[in-house]
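Below is one structure, written out as structure tokens; comments come after it.
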Amino acid sequence: MHNKLVKFIQDIYQTKEFIPLHAPIFSGNEKAYINNTLESTFVSSVGEYVDKFEQQIEAFTGTAKAIATVNGTAALHTALYMAGVRSGDLVITQALTFVATCNALYHMGAEPVFVDVSKVSLGLCPKALEIYLEDNAIINNAGLCEDKSTGKIYRAVVPMHTFGHPVELDELIVVCKKWNIKLVEDAAESLGSFYKGKHTGTFGDFSAISFNGNKVITTGGGGMVLCKSIEDGIRTKHVTTTAKVSHPYDFFHDEAGFNYRLPNLNAALGCAQMEVLSKYLKQKRELSQEYNNFFDGSDFKFVLEPEYAQSNYWLNAIICPSAEVREKFIKETNMQGVMTRPIWQLMHRLPMYKNAKRGDLATSIWLESRLVNIPSSPVIIG
Ligand SMILES: *Cc1c(COP(=O)(O)O)cnc(C)c1O
């Protein structure tokens with residue numbers, strides 16, 4: 001299988017050189033816009049590209065307000081803060097995620113709690129969440145969701161749209177409402193992914209997107225907080241810009257804010273990338289169809305978008321028939337210059353999260369041992 005696949009991927013990307021998992025492409029106005037920032041000297045935290053980039057994301061996702069940040073982790077940190085997460089709180093998320101999801105809440109003094117993912121979406125499973133809460137939580141006299149054994153508050157649920165595949169949002173929202181827990185979507189990987197026709201990141205109380213170099217589009221480093229209302233957006237901007245109260249010369253800050261503003265230089269790159277986003281998304285869909293056809297009838301299963309969703313297919317993924325086959329597959333393909341990689345090690349295996357509370361993680365463990373990501377950069381299928 002690996003030899004056949006290496007040839008197939010080399011044909012698609014029309015090269016025998018190293019093929020990365022996901023590489024950025026700058027074929028539009030990137031240079032021109034960056035040059036504009038240099039000529040204007042507005043390269044830093046003030047400038048017209050930041051406003052423009054935020055407006056482009058608002059138009060594309062349909063969110064009420066988008067606030068640009070220095071990276072996706074900072075966007076997630078801000079989203080959690082805005083959702084009311086504070087030191088000592090519990091935050092439920094997936095063990096099957098990139099470490100940034102957990103780090104963002106950990107550095108606020110909150111604790112991650114791990115619940116299993118669904119085989120349909122690879123993201124947080126609504127049934128597993130409900131079962132976990134039934135077993136571990138009560139609604140206390142203040143109406144908050146409290147842990148039965150420690151008395152700590154479950155403040156937020158953070159589903160992550162793994163590889164761009166939207167989680168089962170309707171069902172998750174029902175559970176969050178029932179238990180009075182805020183929903184914060186880690187939409188870092190899902191720009192261009194829609195749940196029942198609505199963009200991911202527009203369901204949560206607050207959500208985060210990433211524009212890191214390996215994502216669908218990039219600003220070098222960058223992120224965006226999606227807010228449900230204009231008022232939330234104004235508050236979020238305030239918090240990410242050192243909470244300075246606007247004044248012609250006086251320095252007054254009304255809370256301990258963050259310096260998380262996206263520089264104009266990076267926003268310029270973002271504006272140019274937004275102009276080609278739809279083209280890249282189309283190419284990525286075509287690529288995923290090619291892969292699906294390729295693996296059809298084999299004992300490798302290509303991961304398709306859930307039937308209720310339109311995925312951006314950020315990273316294409318396959319499920320190997322066994323852990324042994326997977327080891328060999330990863331080794332052989334990488335040796336032949338085609339980058340493939342295993343899914344992240346589950347969060348509770350990392351030293352800082354090994355004592356985290358968790359529910360049953362059977363599906364996460366099953367996926368961890370079998371899943372492989374394969375090259376996914378946008379490409380014109382010849
Ligand atoms: C990329 C990513 C982030 C963080 O984004 P950065 O911009 O790299 O800080 C967070 N969560 C997930 C799931 C990601 O894939």
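Chain labels follow the order of the structure tokens: the first chain is A, the next B, and so on; residue numbering restarts at 1 in every chain, and ligands are counted from 1 in their shown order.
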
*Non-local contacts of stretch 306-309 of chain A (8 Å; only C-alpha atoms; under 5 positions in same chain excluded) as a list of chain:residue names*: A:Val120, A:Ser121, A:His165, A:Pro166, A:Ser193, A:Phe194, A:Tyr195, A:Lys196, A:Gly197

Put those residues in a file: N, CA, C and O atoms, as a CSV table (one decimal), in the first residue's frame.
chain,number,residue,atom,x,y,z
A,120,VAL,N,-17.6,9.4,14.6
A,120,VAL,CA,-18.2,10.1,13.5
A,120,VAL,C,-17.4,11.4,13.2
A,120,VAL,O,-17.1,11.7,12.0
A,121,SER,N,-17.1,12.2,14.2
A,121,SER,CA,-16.5,13.5,14.0
A,121,SER,C,-15.0,13.6,14.4
A,121,SER,O,-14.3,14.5,14.0
A,165,HIS,N,-13.0,18.6,10.8
A,165,HIS,CA,-14.3,18.0,10.8
A,165,HIS,C,-15.2,18.5,11.9
A,165,HIS,O,-14.9,18.3,13.1
A,166,PRO,N,-16.3,19.1,11.6
A,166,PRO,CA,-17.2,19.7,12.7
A,166,PRO,C,-17.7,18.6,13.7
A,166,PRO,O,-18.2,17.6,13.3
A,193,SER,N,-14.9,25.3,7.5
A,193,SER,CA,-15.8,24.2,7.8
A,193,SER,C,-17.1,24.6,8.4
A,193,SER,O,-17.2,25.5,9.2
A,194,PHE,N,-18.2,24.0,7.9
A,194,PHE,CA,-19.5,24.4,8.2
A,194,PHE,C,-20.3,23.2,8.8
A,194,PHE,O,-20.2,22.1,8.4
A,195,TYR,N,-21.1,23.6,9.9
A,195,TYR,CA,-22.0,22.6,10.5
A,195,TYR,C,-23.4,23.0,10.1
A,195,TYR,O,-23.9,24.1,10.4
A,196,LYS,N,-24.1,22.0,9.4
A,196,LYS,CA,-25.4,22.3,8.9
A,196,LYS,C,-25.5,23.7,8.3
A,196,LYS,O,-26.5,24.4,8.5
A,197,GLY,N,-24.6,24.1,7.5
A,197,GLY,CA,-24.6,25.3,6.7
A,197,GLY,C,-24.1,26.5,7.4
A,197,GLY,O,-24.0,27.6,6.8

*Let me have all residues with an atom within 7 Å of ligand 1, counting only C-alpha atoms and all ligand atoms, laid out as number ranges by chain.*
A: 71-74, 97-98, 100-101, 160, 162, 186, 188-189, 210-212, 215, 221-223

DSSP-assigned alpha helix (DSSP H) members of stretch 150-253 of chain A, reported as an mmCIF file with C-alpha atoms, in the first residue's frame:
data_model
loop_
_atom_site.group_PDB
_atom_site.id
_atom_site.type_symbol
_atom_site.label_atom_id
_atom_site.label_comp_id
_atom_site.auth_asym_id
_atom_site.auth_seq_id
_atom_site.Cartn_x
_atom_site.Cartn_y
_atom_site.Cartn_z
ATOM 1 C CA LEU A 169 -22.821 20.783 17.796
ATOM 2 C CA ASP A 170 -26.620 20.589 18.201
ATOM 3 C CA GLU A 171 -26.290 17.685 20.624
ATOM 4 C CA LEU A 172 -23.380 19.292 22.515
ATOM 5 C CA ILE A 173 -25.342 22.529 22.898
ATOM 6 C CA VAL A 174 -28.263 20.606 24.464
ATOM 7 C CA VAL A 175 -25.915 19.058 27.066
ATOM 8 C CA CYS A 176 -24.178 22.387 27.794
ATOM 9 C CA LYS A 177 -27.525 24.148 28.310
ATOM 10 C CA LYS A 178 -28.871 21.384 30.532
ATOM 11 C CA ILE A 230 -20.943 43.344 19.005
ATOM 12 C CA GLU A 231 -20.771 44.020 22.776
ATOM 13 C CA ASP A 232 -18.791 40.815 23.363
ATOM 14 C CA GLY A 233 -16.493 41.892 20.530
ATOM 15 C CA ILE A 234 -15.861 45.298 22.057
ATOM 16 C CA ARG A 235 -15.072 43.718 25.441
ATOM 17 C CA THR A 236 -12.794 41.143 23.789
ATOM 18 C CA LYS A 237 -10.852 43.814 21.895
ATOM 19 C CA HIS A 238 -10.479 45.751 25.137
ATOM 20 C CA VAL A 239 -9.096 42.713 26.980
ATOM 21 C CA THR A 240 -6.635 41.824 24.180
#

*Name the residues of stretch 14-258 of chain A that fall into strand (DSSP E or B) according to DSSP on the backbone, using the chain letters and numbers of this document, as a ChimeraX atom specification.*
/A:19,65-69,90-94,111-115,117,124,137-139,145-147,153-158,160,182-186,194-195,198-199,206-210,223-227,241,244,253

*asked:* Give me the residues near A:Tyr33 as number ranges by chain, where near means some atom within 9 Å (using only C-alpha atoms) and where sequence neighbours in that chain fewer than 4 positions away do not count.
replied: A: 29, 37-38, 49, 265, 268-269, 271-272

*Neighbours of stretch 139-143 of chain A within 12 Å (only C-alpha atoms; same-chain residues fewer than 6 positions away dropped), as a VMD selection string?*
chain A and resid 133 151 to 155 177 to 181

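Interatomic distance, atom CA of A:Phe18 to atom CA of A:Tyr313: 21.2 Å.
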
_Test item: residues at most 12 Å from A:Ser278, only C-alpha atoms, excluding those fewer than 4 positions along its chain, as a PyMOL selection string_ = chain A and resi 60+191-193+216-217+273-274+282-285+312+378

*asked:* Give me the residues near A:Pro20 as a list in words, where near means some atom within 9 Å (using only C-alpha atoms) and where sequence neighbours in that chain fewer than 6 positions away do not count.
replied: Gly337, Val338, Met339, Thr340, Ile374, Pro375, Ser376 and Ser377 of chain A

What would the file look like if the residues just selected were written as a short mmCIF file (atom, residue, chain, number, x, y, z; two decimals), in the first residue's frame with N, CA, C and O atoms?
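Produced file again_27.cif, reproduced below:
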data_model
loop_
_atom_site.label_atom_id
_atom_site.label_comp_id
_atom_site.auth_asym_id
_atom_site.auth_seq_id
_atom_site.Cartn_x
_atom_site.Cartn_y
_atom_site.Cartn_z
N GLY A 337 10.16 10.15 1.47
CA GLY A 337 10.02 11.59 1.25
C GLY A 337 8.59 12.10 1.23
O GLY A 337 8.35 13.25 0.84
N VAL A 338 7.64 11.28 1.63
CA VAL A 338 6.25 11.74 1.72
C VAL A 338 5.90 11.81 3.20
O VAL A 338 5.91 10.80 3.91
N MET A 339 5.66 13.02 3.66
CA MET A 339 5.44 13.20 5.09
C MET A 339 4.08 12.66 5.53
O MET A 339 3.05 13.01 4.97
N THR A 340 4.11 11.78 6.50
CA THR A 340 2.89 11.33 7.16
C THR A 340 3.19 11.37 8.64
O THR A 340 4.34 11.35 9.05
N ILE A 374 -2.02 12.40 6.16
CA ILE A 374 -1.29 12.32 4.89
C ILE A 374 -1.29 13.70 4.23
O ILE A 374 -2.09 14.56 4.59
N PRO A 375 -0.37 13.94 3.27
CA PRO A 375 -0.20 15.30 2.72
C PRO A 375 -1.51 15.95 2.28
O PRO A 375 -2.34 15.30 1.63
N SER A 376 -1.67 17.23 2.61
CA SER A 376 -2.96 17.90 2.45
C SER A 376 -2.87 19.32 1.90
O SER A 376 -3.88 20.02 1.86
N SER A 377 -1.69 19.77 1.48
CA SER A 377 -1.58 21.14 0.95
C SER A 377 -2.48 21.29 -0.26
O SER A 377 -2.64 20.34 -1.05
#

*Using only C-alpha atoms, which of A:Tyr249, A:Phe26, A:Tyr291, A:Tyr81 sits nearest A:Val225?*
A:Tyr81

*Would you please work out which residue, of A:Ser322, A:Asn266, A:Gln345, A:Thr363, is nearest to A:Gly47 when using only C-alpha atoms?*
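Using only C-alpha atoms, the shortest distance to A:Gly47 belongs to A:Asn266.
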
*What separation in Å, quoted to one decimal, exists between atom CA of A:Phe294 and atom CA of A:Ser190?*
24.3 Å

With a distance cut-off of 7 Å and only C-alpha atoms, select the neighbouring residues of A:Arg341, excluding the residue or stretch itself and same-chain residues fewer than 5 positions from it, and output the selection as a PDB file with N, CA and C atoms, in the first residue's frame.
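Wrote it out as result20.pdb, contents follow:
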ATOM      1  N   ILE A 330       3.908   4.598   8.432  1.00  0.00           N
ATOM      2  CA  ILE A 330       4.515   5.902   8.739  1.00  0.00           C
ATOM      3  C   ILE A 330       6.012   5.879   8.423  1.00  0.00           C
ATOM      4  N   VAL A 372      -3.522   8.080  10.807  1.00  0.00           N
ATOM      5  CA  VAL A 372      -2.351   8.704  10.176  1.00  0.00           C
ATOM      6  C   VAL A 372      -2.820   9.881   9.326  1.00  0.00           C
ATOM      7  N   ASN A 373      -2.094  10.993   9.411  1.00  0.00           N
ATOM      8  CA  ASN A 373      -2.353  12.131   8.518  1.00  0.00           C
ATOM      9  C   ASN A 373      -1.460  12.029   7.301  1.00  0.00           C
TER      10      ASN A 373
END

*Find the distance between atom CA of A:Leu287 and atom CA of A:Leu371 and write it in Å to one decimal.*
18.5 Å
